[in-house]
Each structure stands twice: as C-alpha cells, then as structure tokens.
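Chemist: Sharing data19.pdb here; it has PDB, C-alpha atoms.
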```pdb
ATOM      1  CA  LEU P 986     100.199  95.078  94.272
ATOM      2  CA  GLU P 987      96.736  96.434  93.606
ATOM      3  CA  VAL P 988      93.753  95.706  95.851
ATOM      4  CA  ILE P 989      90.137  96.343  94.919
ATOM      5  CA  GLY P 990      87.276  95.810  97.378
ATOM      6  CA  ILE P 991      83.967  94.542  96.025
ATOM      7  CA  SER P 992      80.541  94.608  97.686
ATOM      8  CA  SER P 993      78.264  91.967  96.186
ATOM      9  CA  ALA P 994      75.682  89.442  97.368
ATOM     10  CA  PHE P 995      77.046  86.900  94.860
ATOM     11  CA  ALA P 996      78.500  83.614  96.069
ATOM     12  CA  ASP P 997      82.262  83.416  95.436
ATOM     13  CA  TYR P 998      81.917  80.982  92.501
ATOM     14  CA  ARG P 999      79.285  83.208  90.863
ATOM     15  CA  LEU P1000      81.415  86.343  91.190
ATOM     16  CA  ALA P1001      84.421  84.433  89.807
ATOM     17  CA  TRP P1002      82.265  83.405  86.814
ATOM     18  CA  GLU P1003      81.112  87.010  86.257
ATOM     19  CA  LEU P1004      84.700  88.283  86.420
ATOM     20  CA  ASN P1005      85.844  85.575  84.022
ATOM     21  CA  GLN P1006      83.155  86.597  81.508
ATOM     22  CA  ARG P1007      83.671  90.352  81.838
ATOM     23  CA  LEU P1008      87.479  90.443  82.060
ATOM     24  CA  ASN P1009      88.259  87.494  79.782
ATOM     25  CA  ILE P1010      90.240  85.717  82.505
ATOM     26  CA  ASN P1011      89.955  82.243  84.046
ATOM     27  CA  LEU P1012      89.728  82.444  87.843
ATOM     28  CA  ILE P1013      89.591  78.934  89.279
ATOM     29  CA  LYS P1014      89.169  77.758  92.846
ATOM     30  CA  SER P1015      92.576  77.015  94.333
ATOM     31  CA  ASN P1016      93.267  73.828  96.247
ATOM     32  CA  GLU P1017      95.558  75.853  98.487
ATOM     33  CA  VAL P1018      94.600  78.337 101.208
ATOM     34  CA  PHE P1019      95.993  81.603 102.548
ATOM     35  CA  ASP P1020      96.993  81.181 106.189
ATOM     36  CA  VAL P1021      96.396  84.399 108.108
ATOM     37  CA  ARG P1022      97.292  85.080 111.714
ATOM     38  CA  ALA P1023      94.358  86.818 113.397
ATOM     39  CA  LEU P1024      95.459  90.141 114.889
ATOM     40  CA  LYS P1025      93.509  89.854 118.138
ATOM     41  CA  SER P1026      93.539  86.147 118.936
ATOM     42  CA  LYS P1027      96.868  85.363 117.201
ATOM     43  CA  GLU P1028      95.410  82.088 115.938
ATOM     44  CA  SER P1029      96.065  80.996 112.359
ATOM     45  CA  LEU P1030      93.046  81.125 110.031
ATOM     46  CA  SER P1031      92.872  79.542 106.570
ATOM     47  CA  PHE P1032      91.075  81.286 103.696
ATOM     48  CA  ARG P1033      90.068  79.785 100.373
ATOM     49  CA  TYR P1034      90.488  81.796  97.184
ATOM     50  CA  PHE P1035      90.228  81.789  93.404
ATOM     51  CA  SER P1036      93.278  82.560  91.291
ATOM     52  CA  PHE P1037      94.393  83.175  87.717
ATOM     53  CA  PHE P1038      97.851  83.584  86.213
ATOM     54  CA  ASP P1039      98.073  85.580  82.978
ATOM     55  CA  GLU P1040     101.025  83.915  81.257
ATOM     56  CA  GLU P1041     101.269  86.605  78.576
ATOM     57  CA  TYR P1042     101.583  89.533  81.010
ATOM     58  CA  LEU P1043     102.751  87.562  84.087
ATOM     59  CA  THR P1044      99.960  89.034  86.203
ATOM     60  CA  ARG P1045      98.584  87.060  89.161
ATOM     61  CA  ILE P1046      94.951  87.692  90.123
ATOM     62  CA  TYR P1047      93.308  86.502  93.336
ATOM     63  CA  LEU P1048      89.668  86.691  94.440
ATOM     64  CA  ILE P1049      89.236  86.269  98.182
ATOM     65  CA  LYS P1050      85.897  86.261 100.008
ATOM     66  CA  ASN P1051      86.226  88.424 103.113
ATOM     67  CA  ARG P1052      83.800  86.456 105.324
ATOM     68  CA  GLN P1053      84.575  82.744 105.437
ATOM     69  CA  GLU P1054      84.207  79.914 107.941
ATOM     70  CA  PRO P1055      87.213  80.771 110.114
ATOM     71  CA  GLY P1056      86.330  84.491 110.358
ATOM     72  CA  MET P1057      87.130  87.635 108.393
ATOM     73  CA  PHE P1058      90.061  87.933 106.011
ATOM     74  CA  HIS P1059      90.334  91.690 106.627
ATOM     75  CA  SER P1060      88.343  92.414 109.796
ATOM     76  CA  ASP P1061      88.902  96.186 109.579
ATOM     77  CA  ARG P1062      86.778  96.205 106.404
ATOM     78  CA  PRO P1063      83.571  94.293 107.295
ATOM     79  CA  MET P1064      81.530  96.043 104.564
ATOM     80  CA  ILE P1065      83.710  94.504 101.844
ATOM     81  CA  ASP P1066      82.499  91.125 100.593
ATOM     82  CA  PHE P1067      85.451  90.290  98.324
ATOM     83  CA  PHE P1068      88.981  91.429  97.594
ATOM     84  CA  LEU P1069      90.348  91.318  94.066
ATOM     85  CA  VAL P1070      94.137  91.337  94.309
ATOM     86  CA  LEU P1071      96.370  91.933  91.289
ATOM     87  CA  ARG P1072     100.050  91.178  91.636
ATOM     88  CA  GLU P1073     102.561  92.454  89.076
ATOM     89  CA  ASN P1074      99.626  93.836  87.114
ATOM     90  CA  PHE P1075     100.524  94.443  83.488
ATOM     91  CA  SER P1076      97.155  93.150  82.264
ATOM     92  CA  PHE P1077      94.733  95.874  83.364
ATOM     93  CA  GLU P1078      94.747  99.636  83.757
ATOM     94  CA  LYS P1079      93.328  99.994  87.274
ATOM     95  CA  GLU P1080      90.776 102.768  86.633
ATOM     96  CA  ALA P1081      89.435 100.992  83.532
ATOM     97  CA  LEU P1082      89.200  97.750  85.523
ATOM     98  CA  ILE P1083      87.235  99.476  88.303
ATOM     99  CA  GLN P1084      84.832 100.921  85.690
ATOM    100  CA  GLN P1085      84.338  97.436  84.172
ATOM    101  CA  LEU P1086      83.623  95.960  87.614
ATOM    102  CA  ARG P1087      81.017  98.653  88.321
ATOM    103  CA  LYS P1088      79.102  97.576  85.177
ATOM    104  CA  ILE P1089      78.494  94.047  86.504
ATOM    105  CA  ASN P1090      74.854  93.888  87.669
ATOM    106  CA  GLY P1091      75.461  91.939  90.891
ATOM    107  CA  ILE P1092      78.217  94.255  92.135
ATOM    108  CA  VAL P1093      76.899  96.952  94.466
ATOM    109  CA  ALA P1094      80.129  98.932  95.018
ATOM    110  CA  VAL P1095      83.819  98.859  94.118
ATOM    111  CA  PHE P1096      86.584 100.362  96.287
ATOM    112  CA  ASP P1097      90.214 101.109  95.498
ATOM    113  CA  PHE P1098      92.541 100.501  98.463
ATOM    114  CA  PRO P1099      96.054 101.787  99.064
ATOM    115  CA  GLU P1100      98.633  99.016  98.997
ATOM    116  CA  SER P1101      99.903 100.046 102.451
ATOM    117  CA  GLU P1102      96.655  98.806 104.013
ATOM    118  CA  PHE P1103      97.360  95.327 102.678
ATOM    119  CA  GLU P1104     100.881  94.466 103.755
ATOM    120  CA  LEU P1105      99.369  91.158 104.872
ATOM    121  CA  ILE P1106      98.229  90.312 101.340
ATOM    122  CA  SER P1107     101.578  91.222  99.801
ATOM    123  CA  TYR P1108     103.182  88.812 102.261
ATOM    124  CA  LEU P1109     100.686  86.080 101.405
ATOM    125  CA  THR P1110     100.913  86.395  97.646
ATOM    126  CA  SER P1111     104.697  86.688  97.329
TER     127      SER P1111
END
```
So that I can check it, write out the structure of this file as structure tokens.

Modeler:
Amino acid sequence: LEVIGISSAFADYRLAWELNQRLNINLIKSNEVFDVRALKSKESLSFRYFSFFDEEYLTRIYLIKNRQEPGMFHSDRPMIDFFLVLRENFSFEKEALIQQLRKINGIVAVFDFPESEFELISYLTS
C-alpha cells in the first residue's frame, strides 16, 4: 500500500481528470463509499472516492478527498486535500510518480506517507 497526500484547490473531479491525463489512467467516480468510524465520536462516516483498476498490472488506485460532507477522512492531516492510494502497485515507481504529480499546475504540494499511518485505508481497500 502506498499513500500520497496532495494539496490542491482543485475540485475532486478536476483533479481526477488531471491525473487521468498525466498518468494515462482512468479514475472514475465510484458508486460505492468508504465507511470510516470516526476516532473521537465513534460514528460511522461515508466518504466518496474515485477509483481505477489497472488490469495489466493489477494495481488499484483510489483518489479520496480529505474534507467531505460528513467530516475529514484523515483528521490528523487537515492540510492534505486529497489522498492518492495505490494498492498492489506494479504500475508506478513511487518517486517518479511523485515527480509527475508535482508537475501538475494545480497541485501545490505532494507528500509521501508511511503505510503505518494508514492502517485504516489498508483495511478499507482490502
């Protein structure tokens, strides 16, 4: 599991479009949601996301907006606008991917996160 944080003022659909163009992928808005149990209130929150499955390399890619209607997906990281999650990544070399993301005009900053910080996401995307 690889998690990349993105700071951008783009709307989720616009960032998905930019990523599709730059990375030659096809992120589409999922009809499903990630259900997350809030750490403090213990209530269940539902988060929308975009996803893509690379059939050639069997890589799953998710784009999740951090701030959505129910609250924050990862409240410990309020400065992050989006999380790009790659599961079983055989499609991209991570450093090269981060460099490509930094070249997109509307992206302000890109952060690499240790997998251990995202046990929640690994649970969600399994």

Chemist: Leaving out Ile1089 in chain P and any residue of its chain fewer than 3 positions from it, which residues lie within 8 Å of it when counting all atoms listed in the file, given as a list in words?

Modeler: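 Using all atoms listed in the file, the neighbours found are Glu1003, Arg1007, Gln1085, Leu1086 and Ile1092 of chain P.
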
Chemist: Once you have the residues from the selection above, write them out as a tab-separated table (two decimals), keeping the file's coordinate frame, restricted to C-alpha atoms.

Modeler:
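Everything below was put into out-v4.tsv:
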```
chain	number	residue	atom	x	y	z
P	1003	GLU	CA	81.11	87.01	86.26
P	1007	ARG	CA	83.67	90.35	81.84
P	1085	GLN	CA	84.34	97.44	84.17
P	1086	LEU	CA	83.62	95.96	87.61
P	1092	ILE	CA	78.22	94.26	92.14
```

Chemist: To one decimal place, how far is CA of Met1064 in chain P from CA of Glu1028 in chain P in Å?

Modeler: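 Here the two named atoms are 22.7 Å from each other.
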
Chemist: Identify which of the residues P:Asn1051, P:Glu987, P:Val1021, P:Ile1013 lies closest to Phe1067 in chain P, counting only C-alpha atoms when measuring atom-to-atom distances.

Modeler: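 When distances to Phe1067 in chain P are compared using only C-alpha atoms, the smallest one comes from P:Asn1051.
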
Chemist: Could you pull out every residue with an atom within 8 Å of (94.3, 93.9, 92.3), file coordinates, counting only C-alpha atoms, and send them as a list in words?

Modeler: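 Within 8 Å of (94.3, 93.9, 92.3), the protein and nucleic acid residues are Leu986, Glu987, Val988, Ile989, Ile1046, Tyr1047, Phe1068, Leu1069, Val1070, Leu1071, Arg1072, Asn1074 and Lys1079 of chain P.
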
Chemist: What do you get, as a JSON list (two decimals) with C-alpha atoms, keeping the file's coordinate frame, if you spell out every residue that the PyMOL selection byres ((chain P and resi 1042-1044) around 10) selects here?

Modeler:
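Just written: out-v7.json:
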```
[["chain", "number", "residue", "atom", "x", "y", "z"],
["P", 1037, "PHE", "CA", 94.39, 83.18, 87.72],
["P", 1038, "PHE", "CA", 97.85, 83.58, 86.21],
["P", 1039, "ASP", "CA", 98.07, 85.58, 82.98],
["P", 1040, "GLU", "CA", 101.02, 83.92, 81.26],
["P", 1041, "GLU", "CA", 101.27, 86.60, 78.58],
["P", 1045, "ARG", "CA", 98.58, 87.06, 89.16],
["P", 1046, "ILE", "CA", 94.95, 87.69, 90.12],
["P", 1071, "LEU", "CA", 96.37, 91.93, 91.29],
["P", 1072, "ARG", "CA", 100.05, 91.18, 91.64],
["P", 1073, "GLU", "CA", 102.56, 92.45, 89.08],
["P", 1074, "ASN", "CA", 99.63, 93.84, 87.11],
["P", 1075, "PHE", "CA", 100.52, 94.44, 83.49],
["P", 1076, "SER", "CA", 97.16, 93.15, 82.26],
["P", 1077, "PHE", "CA", 94.73, 95.87, 83.36]]
```

Chemist: Just how far from CA of Leu1082 in chain P is CA of Phe1032 in chain P, in Å to one decimal?

Modeler: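 Interatomic distance, CA of Phe1032 in chain P to CA of Leu1082 in chain P: 24.6 Å.
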
Chemist: State, in Å with one decimal place, the distance from CA of Arg1033 in chain P to CA of Leu1048 in chain P.

Modeler: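 If I compute the distance from CA of Arg1033 in chain P to CA of Leu1048 in chain P, I get 9.1 Å.
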
Chemist: What's around Ser992 in chain P at 7 Å? Count all atoms listed in the file, leave out sequence neighbours fewer than 4 positions away in its own chain, and write the answer as a list of chain:residue names.

Modeler: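 Close residues of Ser992 in chain P: P:Ile1065, P:Asp1066, P:Phe1067, P:Ile1092, P:Val1093, P:Ala1094, P:Val1095.
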
Chemist: Quick one: of P:Pro1063, P:Gly1091, P:Lys1027, P:Ala1081, who's nearest to Asp997 in chain P, counting all atoms listed in the file?

Modeler: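 Distance minimum relative to Asp997 in chain P lands on P:Gly1091.
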
Chemist: Counting only C-alpha atoms, which residue out of P:Ser1029, P:Phe1035, P:Asn1016, P:Glu1080 sits closest to Met1057 in chain P?

Modeler: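 Looking only at the distances to Met1057 in chain P, the closest residue turns out to be P:Ser1029.
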
Chemist: Taking into account all atoms listed in the file, which residue in the set P:Phe1058, P:Phe1096, P:Gln1084, P:Ser1101 is nearest to Leu1008 in chain P?

Modeler: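 Closest to Leu1008 in chain P of all the choices is P:Gln1084.
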
Chemist: Around range 1018-1037 of chain P, fit a box with edges along x, y and z, padding it by 6 Å on each side, then list its centre and edge lengths in Å to one decimal as lines of an AutoDock Vina configuration file.

Modeler:
```
center_x = 93.7
center_y = 84.2
center_z = 103.3
size_x = 19.2
size_y = 23.8
size_z = 43.2
```

Chemist: Looking at P:Ser1031, P:Ser1036, P:Gln1053, P:Ser1060, which one is nearest to Ile1010 in chain P, with distances taken over all atoms listed in the file?

Modeler: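 Counting all atoms listed in the file, the residue closest to Ile1010 in chain P is P:Ser1036.
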
Chemist: Could you pull range 998-1109 of chain P out of the structure just shown and give C-alpha atoms as a short mmCIF file (atom, residue, chain, number, x, y, z; two decimals), in the first residue's frame?

Modeler:
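Writing the result to decode28.cif gives the following:
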```cif
data_model
loop_
_atom_site.label_atom_id
_atom_site.label_comp_id
_atom_site.auth_asym_id
_atom_site.auth_seq_id
_atom_site.Cartn_x
_atom_site.Cartn_y
_atom_site.Cartn_z
CA TYR P 998 -13.47 15.66 -10.46
CA ARG P 999 -10.94 18.16 -11.84
CA LEU P 1000 -8.01 16.55 -10.03
CA ALA P 1001 -9.18 13.11 -11.22
CA TRP P 1002 -9.21 14.48 -14.80
CA GLU P 1003 -5.69 15.93 -14.40
CA LEU P 1004 -4.39 12.64 -13.00
CA ASN P 1005 -6.04 10.71 -15.82
CA GLN P 1006 -4.34 12.94 -18.41
CA ARG P 1007 -0.91 12.97 -16.76
CA LEU P 1008 -0.72 9.33 -15.65
CA ASN P 1009 -2.65 7.75 -18.52
CA ILE P 1010 -5.17 6.15 -16.15
CA ASN P 1011 -8.97 6.31 -15.94
CA LEU P 1012 -10.11 7.32 -12.45
CA ILE P 1013 -13.90 7.30 -12.31
CA LYS P 1014 -16.26 8.28 -9.52
CA SER P 1015 -17.31 5.18 -7.62
CA ASN P 1016 -20.92 4.50 -6.75
CA GLU P 1017 -19.69 2.97 -3.50
CA VAL P 1018 -18.36 4.76 -0.42
CA PHE P 1019 -15.69 4.08 2.20
CA ASP P 1020 -17.30 3.79 5.63
CA VAL P 1021 -14.98 5.15 8.30
CA ARG P 1022 -15.55 5.09 12.04
CA ALA P 1023 -14.65 8.50 13.47
CA LEU P 1024 -12.00 8.14 16.18
CA LYS P 1025 -13.49 10.65 18.61
CA SER P 1026 -17.23 10.32 18.13
CA LYS P 1027 -17.21 6.64 17.06
CA GLU P 1028 -19.91 7.40 14.49
CA SER P 1029 -19.66 5.91 11.01
CA LEU P 1030 -18.88 8.39 8.22
CA SER P 1031 -19.17 7.67 4.49
CA PHE P 1032 -16.62 9.05 2.01
CA ARG P 1033 -16.93 9.17 -1.76
CA TYR P 1034 -13.92 8.37 -3.92
CA PHE P 1035 -12.63 7.87 -7.45
CA SER P 1036 -11.03 4.57 -8.43
CA PHE P 1037 -9.16 2.85 -11.24
CA PHE P 1038 -8.09 -0.76 -11.69
CA ASP P 1039 -5.09 -1.38 -13.95
CA GLU P 1040 -5.91 -4.80 -15.39
CA GLU P 1041 -2.45 -5.25 -16.91
CA TYR P 1042 -0.53 -4.70 -13.64
CA LEU P 1043 -3.39 -5.46 -11.20
CA THR P 1044 -2.88 -2.14 -9.43
CA ARG P 1045 -5.82 -0.45 -7.68
CA ILE P 1046 -5.73 3.35 -7.43
CA TYR P 1047 -8.04 5.44 -5.26
CA LEU P 1048 -8.42 9.23 -5.03
CA ILE P 1049 -10.13 10.35 -1.84
CA LYS P 1050 -10.93 13.96 -0.94
CA ASN P 1051 -9.97 14.53 2.69
CA ARG P 1052 -12.69 17.09 3.51
CA GLN P 1053 -16.17 15.90 2.58
CA GLU P 1054 -19.71 16.41 3.86
CA PRO P 1055 -19.52 14.03 6.83
CA GLY P 1056 -16.16 15.40 8.07
CA MET P 1057 -12.49 14.62 7.48
CA PHE P 1058 -11.25 11.33 6.07
CA HIS P 1059 -7.93 11.65 7.93
CA SER P 1060 -8.44 14.31 10.61
CA ASP P 1061 -4.81 14.19 11.77
CA ARG P 1062 -3.79 15.62 8.38
CA PRO P 1063 -6.05 18.68 7.83
CA MET P 1064 -3.56 20.33 5.43
CA ILE P 1065 -3.95 17.47 2.94
CA ASP P 1066 -6.74 17.98 0.40
CA PHE P 1067 -6.60 14.55 -1.27
CA PHE P 1068 -5.11 11.12 -0.75
CA LEU P 1069 -3.92 9.06 -3.70
CA VAL P 1070 -3.81 5.43 -2.59
CA LEU P 1071 -2.10 2.73 -4.65
CA ARG P 1072 -2.75 -0.87 -3.73
CA GLU P 1073 -0.54 -3.66 -5.07
CA ASN P 1074 1.29 -1.04 -7.10
CA PHE P 1075 3.16 -2.56 -10.01
CA SER P 1076 2.21 0.30 -12.34
CA PHE P 1077 4.26 3.22 -11.00
CA GLU P 1078 7.65 3.75 -9.40
CA LYS P 1079 6.70 5.88 -6.39
CA GLU P 1080 9.40 8.57 -6.66
CA ALA P 1081 8.75 9.03 -10.40
CA LEU P 1082 5.01 9.26 -9.69
CA ILE P 1083 5.57 11.94 -7.03
CA GLN P 1084 7.71 13.93 -9.51
CA GLN P 1085 4.95 13.67 -12.15
CA LEU P 1086 2.34 14.88 -9.65
CA ARG P 1087 4.49 17.89 -8.72
CA LYS P 1088 4.48 18.98 -12.40
CA ILE P 1089 0.69 19.40 -12.47
CA ASN P 1090 -0.04 23.15 -12.30
CA GLY P 1091 -2.95 22.97 -9.85
CA ILE P 1092 -1.08 20.83 -7.31
CA VAL P 1093 0.57 22.91 -4.60
CA ALA P 1094 2.39 20.13 -2.70
CA VAL P 1095 2.81 16.35 -2.69
CA PHE P 1096 3.60 14.29 0.43
CA ASP P 1097 4.75 10.70 0.79
CA PHE P 1098 3.26 8.96 3.84
CA PRO P 1099 4.43 5.82 5.63
CA GLU P 1100 1.98 2.96 5.26
CA SER P 1101 1.80 2.55 9.05
CA GLU P 1102 -0.05 5.86 9.33
CA PHE P 1103 -2.82 4.48 7.13
CA GLU P 1104 -3.83 1.17 8.65
CA LEU P 1105 -7.39 2.45 8.24
CA ILE P 1106 -7.01 2.74 4.46
CA SER P 1107 -5.46 -0.71 4.12
CA TYR P 1108 -8.50 -2.07 5.96
CA LEU P 1109 -10.88 -0.15 3.70
#
```
